[in-house]
file run.txt (compact mmCIF, C-alpha atoms)
# COMPACT_ATOMS: atom_id res chain seq x y z
CA MET A 1 -55.95 -16.87 27.86
CA ILE A 2 -54.76 -13.93 25.72
CA ASN A 3 -51.55 -13.76 27.76
CA ILE A 4 -50.74 -17.40 26.96
CA VAL A 5 -51.35 -16.86 23.24
CA LEU A 6 -49.12 -13.78 23.25
CA LEU A 7 -46.37 -15.67 25.10
CA VAL A 8 -46.52 -18.51 22.56
CA ILE A 9 -46.32 -16.06 19.63
CA ILE A 10 -43.39 -14.20 21.21
CA GLY A 11 -41.65 -17.50 21.94
CA VAL A 12 -41.99 -18.62 18.32
CA LEU A 13 -40.65 -15.30 17.03
CA VAL A 14 -37.68 -15.43 19.41
CA PHE A 15 -36.95 -19.01 18.33
CA LEU A 16 -37.06 -18.16 14.61
CA GLY A 17 -34.95 -15.02 15.07
CA GLY A 18 -32.37 -16.92 17.12
CA ARG A 19 -32.17 -19.68 14.52
CA ALA A 20 -31.63 -17.16 11.70
CA THR A 21 -28.93 -15.41 13.74
CA LEU A 22 -27.11 -18.69 14.37
CA ARG A 23 -27.20 -19.50 10.65
CA GLN A 24 -25.78 -16.06 9.81
CA LEU A 25 -22.99 -16.42 12.36
CA GLY A 26 -22.25 -19.95 11.15
CA GLY A 27 -21.81 -18.77 7.56
CA GLU A 28 -24.92 -20.50 6.21
CA SER A 29 -26.68 -17.45 4.84
CA ILE A 30 -26.67 -16.60 1.15
CA CYS A 31 -24.42 -13.59 1.49
CA CYS A 32 -21.85 -14.95 3.94
CA GLY A 33 -19.65 -17.25 1.91
CA LYS A 34 -22.41 -19.62 0.89
CA GLY A 35 -21.60 -22.06 3.67
CA GLY A 36 -18.08 -21.06 4.65
CA LYS A 37 -15.68 -18.20 5.10
CA THR A 38 -14.03 -16.89 1.94
CA ILE A 39 -10.51 -15.48 2.12
CA ALA A 40 -9.46 -12.84 -0.41
CA GLU A 41 -6.48 -13.80 -2.51
CA ASP A 42 -4.23 -10.93 -3.56
CA LYS A 43 -2.90 -11.15 -7.09
CA LYS A 44 0.23 -9.56 -8.53
CA LEU A 45 0.41 -8.81 -12.23
CA ASP A 46 3.28 -10.04 -14.38
CA GLY A 47 4.29 -6.85 -16.15
CA GLU A 48 3.18 -3.25 -16.24
CA PRO A 49 -0.55 -2.46 -16.32
CA ILE A 50 -1.77 -1.06 -19.64
CA ALA A 51 -5.26 -0.12 -18.44
CA SER A 52 -7.40 0.33 -15.34
CA LYS A 53 -11.13 0.06 -14.77
CA GLU A 54 -13.54 0.77 -11.96
CA VAL A 55 -16.53 -1.54 -11.58
CA LEU A 56 -19.57 -0.67 -9.48
CA ILE A 57 -21.03 -3.87 -8.02
CA GLY A 58 -24.47 -4.48 -6.58
CA GLY A 59 -25.47 -7.05 -3.99
CA MET A 60 -22.40 -7.20 -1.74
CA LYS A 61 -23.28 -7.07 1.95
CA CYS A 62 -20.32 -8.38 3.92
CA VAL A 63 -16.58 -9.09 3.78
CA ASN A 64 -17.26 -12.60 2.48
CA CYS A 65 -19.20 -11.10 -0.45
CA LYS A 66 -16.28 -8.76 -1.19
CA ASN A 67 -13.77 -11.61 -1.02
CA HIS A 68 -15.89 -13.83 -3.26
CA VAL A 69 -16.09 -11.13 -5.97
CA GLN A 70 -12.37 -10.30 -5.69
CA ASN A 71 -11.36 -13.95 -6.04
CA SER A 72 -13.68 -14.42 -9.02
CA LEU A 73 -12.21 -11.39 -10.82
CA ASN A 74 -8.64 -12.42 -10.01
CA LYS A 75 -9.16 -15.72 -11.85
CA ILE A 76 -9.11 -13.75 -15.11
CA SER A 77 -5.71 -13.90 -16.78
CA GLY A 78 -3.90 -10.56 -17.02
CA LEU A 79 -6.15 -8.85 -14.48
CA ALA A 80 -5.67 -7.99 -10.80
CA ALA A 81 -8.61 -6.69 -8.76
CA TYR A 82 -9.10 -5.10 -5.39
CA VAL A 83 -12.70 -4.85 -4.16
CA ASN A 84 -13.79 -2.13 -1.73
CA LEU A 85 -16.89 -3.19 0.21
CA LYS A 86 -17.61 0.29 1.59
CA ASN A 87 -17.92 1.75 -1.93
CA ASN A 88 -19.14 -1.49 -3.61
CA THR A 89 -16.39 -0.96 -6.16
CA ALA A 90 -13.76 -3.13 -7.78
CA PHE A 91 -10.54 -1.44 -8.89
CA ILE A 92 -8.96 -3.38 -11.73
CA LYS A 93 -5.54 -3.20 -13.35
CA MET A 94 -4.81 -5.14 -16.53
CA THR A 95 -1.75 -6.22 -18.48
CA ARG A 96 -3.94 -7.12 -21.47
CA ASN A 97 -7.20 -5.80 -22.85
CA VAL A 98 -9.92 -7.54 -20.84
CA SER A 99 -13.41 -6.99 -22.20
CA ASP A 100 -16.21 -5.57 -20.09
CA GLU A 101 -18.15 -8.74 -20.91
CA GLU A 102 -15.43 -10.92 -19.36
CA ILE A 103 -15.50 -8.77 -16.20
CA LYS A 104 -19.32 -8.88 -16.05
CA ASN A 105 -19.32 -12.66 -16.42
CA ALA A 106 -16.86 -13.05 -13.53
CA VAL A 107 -18.96 -10.85 -11.23
CA LEU A 108 -22.21 -12.53 -12.30
CA GLY A 109 -20.58 -15.93 -11.80
CA ALA A 110 -19.81 -14.92 -8.23
CA GLY A 111 -23.50 -14.13 -7.73
CA TYR A 112 -23.47 -10.32 -7.87
CA ASN A 113 -24.49 -7.58 -10.32
CA VAL A 114 -22.42 -5.14 -12.35
CA LEU A 115 -23.97 -1.70 -12.19
CA SER A 116 -21.33 0.08 -14.29
CA ILE A 117 -17.81 -0.24 -15.68
CA ALA A 118 -15.66 2.84 -16.26
CA ASN A 119 -12.17 3.23 -17.71
CA MET A 120 -9.79 5.05 -15.41
call {"tool": "encode", "arguments": {"input": "run.txt", "output": "structure tokens"}}
result
Amino acid sequence: MINIVLLVIIGVLVFLGGRATLRQLGGESICCGKGGKTIAEDKKLDGEPIASKEVLIGGMKCVNCKNHVQNSLNKISGLAAYVNLKNNTAFIKMTRNVSDEEIKNAVLGAGYNVLSIANM
């Protein structure tokens, strides 16, 4: 009797784990594109950069997370960002003075946290 109960419990755990894995691979998890794959868009600045910043970001776990943050930052006028997932850092160049608040709002809007912003 105990063997049957253990087999049922193991079967349920395997089923739930397999279902979660399929959701992750299908892009349905919270961190993986929120339902689809996100492609990073590179942005070129019009003009010479006048300032650079480094932003430490919390909450990124995969390439989709990185791409989502990078695209959100690159929507800001006069700013071009490259996000490094390994270091959880965004490197930003600007052709105009972009406030830290504007940068924070873009990262927060993408669903992630700003841990620090430093001028370079």
call {"tool": "atom_distance", "arguments": {"input": "run.txt", "atom1": "atom CA of Asn113 of chain A", "atom2": "atom CA of Val98 of chain A"}}
result
18.0 Å
call {"tool": "atom_distance", "arguments": {"input": "run.txt", "atom1": "atom CA of Leu115 of chain A", "atom2": "atom CA of Lys37 of chain A"}}
result
25.3 Å
call {"tool": "closest_residue", "arguments": {"input": "run.txt", "among": "A:Cys65, A:Val5, A:Leu13, A:Leu45", "to": "Lys93 of chain A", "atoms": "all atoms listed in the file"}}
result
A:Leu45
call {"tool": "atom_distance", "arguments": {"input": "run.txt", "atom1": "atom CA of Pro49 of chain A", "atom2": "atom CA of Met94 of chain A"}}
result
5.0 Å
call {"tool": "residues_around", "arguments": {"input": "run.txt", "residues": "Ala90 of chain A", "least_positions_apart": "6", "cutoff": "7 Å", "atoms": "all atoms listed in the file", "output": "number ranges by chain"}}
result
A: 54-56, 81-84
call {"tool": "residues_around", "arguments": {"input": "run.txt", "residues": "Lys86 of chain A", "least_positions_apart": "2", "cutoff": "10 Å", "atoms": "only C-alpha atoms", "output": "VMD selection string"}}
result
chain A and resid 60 to 63 66 83 to 84 88 to 89
call {"tool": "build_atoms", "arguments": {"input": "run.txt", "residues": "segment 62-73 of chain A", "atoms": "all heavy atoms", "output": "mmCIF file, in the coordinates of the input"}}
result
data_model
loop_
_atom_site.group_PDB
_atom_site.id
_atom_site.type_symbol
_atom_site.label_atom_id
_atom_site.label_comp_id
_atom_site.auth_asym_id
_atom_site.auth_seq_id
_atom_site.Cartn_x
_atom_site.Cartn_y
_atom_site.Cartn_z
ATOM 1 N N CYS A 62 -21.262 -8.084 2.829
ATOM 2 C CA CYS A 62 -20.320 -8.380 3.920
ATOM 3 C C CYS A 62 -18.927 -8.637 3.328
ATOM 4 O O CYS A 62 -18.738 -8.658 2.113
ATOM 5 C CB CYS A 62 -20.787 -9.593 4.718
ATOM 6 S SG CYS A 62 -20.738 -11.147 3.801
ATOM 7 N N VAL A 63 -17.964 -8.849 4.207
ATOM 8 C CA VAL A 63 -16.580 -9.090 3.780
ATOM 9 C C VAL A 63 -16.493 -10.366 2.947
ATOM 10 O O VAL A 63 -15.718 -10.428 1.990
ATOM 11 C CB VAL A 63 -15.651 -9.158 5.015
ATOM 12 C CG1 VAL A 63 -14.257 -9.580 4.614
ATOM 13 C CG2 VAL A 63 -15.612 -7.812 5.717
ATOM 14 N N ASN A 64 -17.281 -11.367 3.278
ATOM 15 C CA ASN A 64 -17.260 -12.600 2.480
ATOM 16 C C ASN A 64 -17.719 -12.327 1.048
ATOM 17 O O ASN A 64 -17.173 -12.889 0.097
ATOM 18 C CB ASN A 64 -18.153 -13.656 3.119
ATOM 19 C CG ASN A 64 -17.357 -14.738 3.790
ATOM 20 O OD1 ASN A 64 -16.136 -14.747 3.755
ATOM 21 N ND2 ASN A 64 -18.051 -15.657 4.408
ATOM 22 N N CYS A 65 -18.732 -11.482 0.889
ATOM 23 C CA CYS A 65 -19.200 -11.100 -0.450
ATOM 24 C C CYS A 65 -18.058 -10.448 -1.225
ATOM 25 O O CYS A 65 -17.783 -10.784 -2.379
ATOM 26 C CB CYS A 65 -20.373 -10.130 -0.363
ATOM 27 S SG CYS A 65 -21.866 -10.766 0.390
ATOM 28 N N LYS A 66 -17.400 -9.485 -0.588
ATOM 29 C CA LYS A 66 -16.280 -8.760 -1.190
ATOM 30 C C LYS A 66 -15.187 -9.739 -1.622
ATOM 31 O O LYS A 66 -14.682 -9.681 -2.736
ATOM 32 C CB LYS A 66 -15.733 -7.745 -0.197
ATOM 33 C CG LYS A 66 -14.414 -7.116 -0.593
ATOM 34 C CD LYS A 66 -13.553 -7.006 0.673
ATOM 35 C CE LYS A 66 -12.154 -6.615 0.452
ATOM 36 N NZ LYS A 66 -11.218 -7.579 0.000
ATOM 37 N N ASN A 67 -14.830 -10.649 -0.728
ATOM 38 C CA ASN A 67 -13.770 -11.610 -1.020
ATOM 39 C C ASN A 67 -14.158 -12.547 -2.156
ATOM 40 O O ASN A 67 -13.325 -12.891 -3.000
ATOM 41 C CB ASN A 67 -13.424 -12.409 0.233
ATOM 42 C CG ASN A 67 -12.794 -11.569 1.313
ATOM 43 O OD1 ASN A 67 -12.333 -10.460 1.066
ATOM 44 N ND2 ASN A 67 -12.780 -12.077 2.528
ATOM 45 N N HIS A 68 -15.417 -12.942 -2.200
ATOM 46 C CA HIS A 68 -15.890 -13.830 -3.260
ATOM 47 C C HIS A 68 -15.773 -13.154 -4.633
ATOM 48 O O HIS A 68 -15.307 -13.758 -5.605
ATOM 49 C CB HIS A 68 -17.330 -14.237 -2.960
ATOM 50 C CG HIS A 68 -17.816 -15.418 -3.710
ATOM 51 N ND1 HIS A 68 -17.274 -16.673 -3.589
ATOM 52 C CD2 HIS A 68 -18.797 -15.522 -4.623
ATOM 53 C CE1 HIS A 68 -17.909 -17.499 -4.390
ATOM 54 N NE2 HIS A 68 -18.828 -16.829 -5.033
ATOM 55 N N VAL A 69 -16.180 -11.887 -4.707
ATOM 56 C CA VAL A 69 -16.090 -11.130 -5.970
ATOM 57 C C VAL A 69 -14.624 -10.933 -6.355
ATOM 58 O O VAL A 69 -14.238 -11.147 -7.515
ATOM 59 C CB VAL A 69 -16.804 -9.769 -5.852
ATOM 60 C CG1 VAL A 69 -16.508 -8.893 -7.064
ATOM 61 C CG2 VAL A 69 -18.296 -9.972 -5.691
ATOM 62 N N GLN A 70 -13.787 -10.540 -5.404
ATOM 63 C CA GLN A 70 -12.370 -10.300 -5.690
ATOM 64 C C GLN A 70 -11.706 -11.558 -6.217
ATOM 65 O O GLN A 70 -10.961 -11.523 -7.208
ATOM 66 C CB GLN A 70 -11.655 -9.796 -4.433
ATOM 67 C CG GLN A 70 -10.197 -9.422 -4.681
ATOM 68 C CD GLN A 70 -9.606 -8.682 -3.495
ATOM 69 O OE1 GLN A 70 -10.226 -7.774 -2.954
ATOM 70 N NE2 GLN A 70 -8.410 -9.077 -3.103
ATOM 71 N N ASN A 71 -11.954 -12.700 -5.589
ATOM 72 C CA ASN A 71 -11.360 -13.950 -6.040
ATOM 73 C C ASN A 71 -11.841 -14.342 -7.430
ATOM 74 O O ASN A 71 -11.069 -14.842 -8.248
ATOM 75 C CB ASN A 71 -11.640 -15.076 -5.042
ATOM 76 C CG ASN A 71 -10.900 -14.888 -3.734
ATOM 77 O OD1 ASN A 71 -9.950 -14.122 -3.645
ATOM 78 N ND2 ASN A 71 -11.351 -15.579 -2.706
ATOM 79 N N SER A 72 -13.121 -14.101 -7.704
ATOM 80 C CA SER A 72 -13.680 -14.420 -9.020
ATOM 81 C C SER A 72 -13.023 -13.570 -10.103
ATOM 82 O O SER A 72 -12.651 -14.073 -11.167
ATOM 83 C CB SER A 72 -15.181 -14.214 -9.003
ATOM 84 O OG SER A 72 -15.750 -14.593 -10.218
ATOM 85 N N LEU A 73 -12.866 -12.276 -9.846
ATOM 86 C CA LEU A 73 -12.210 -11.390 -10.820
ATOM 87 C C LEU A 73 -10.744 -11.769 -11.009
ATOM 88 O O LEU A 73 -10.228 -11.756 -12.129
ATOM 89 C CB LEU A 73 -12.330 -9.934 -10.380
ATOM 90 C CG LEU A 73 -13.701 -9.293 -10.549
ATOM 91 C CD1 LEU A 73 -13.779 -7.977 -9.793
ATOM 92 C CD2 LEU A 73 -14.031 -9.099 -12.022
#
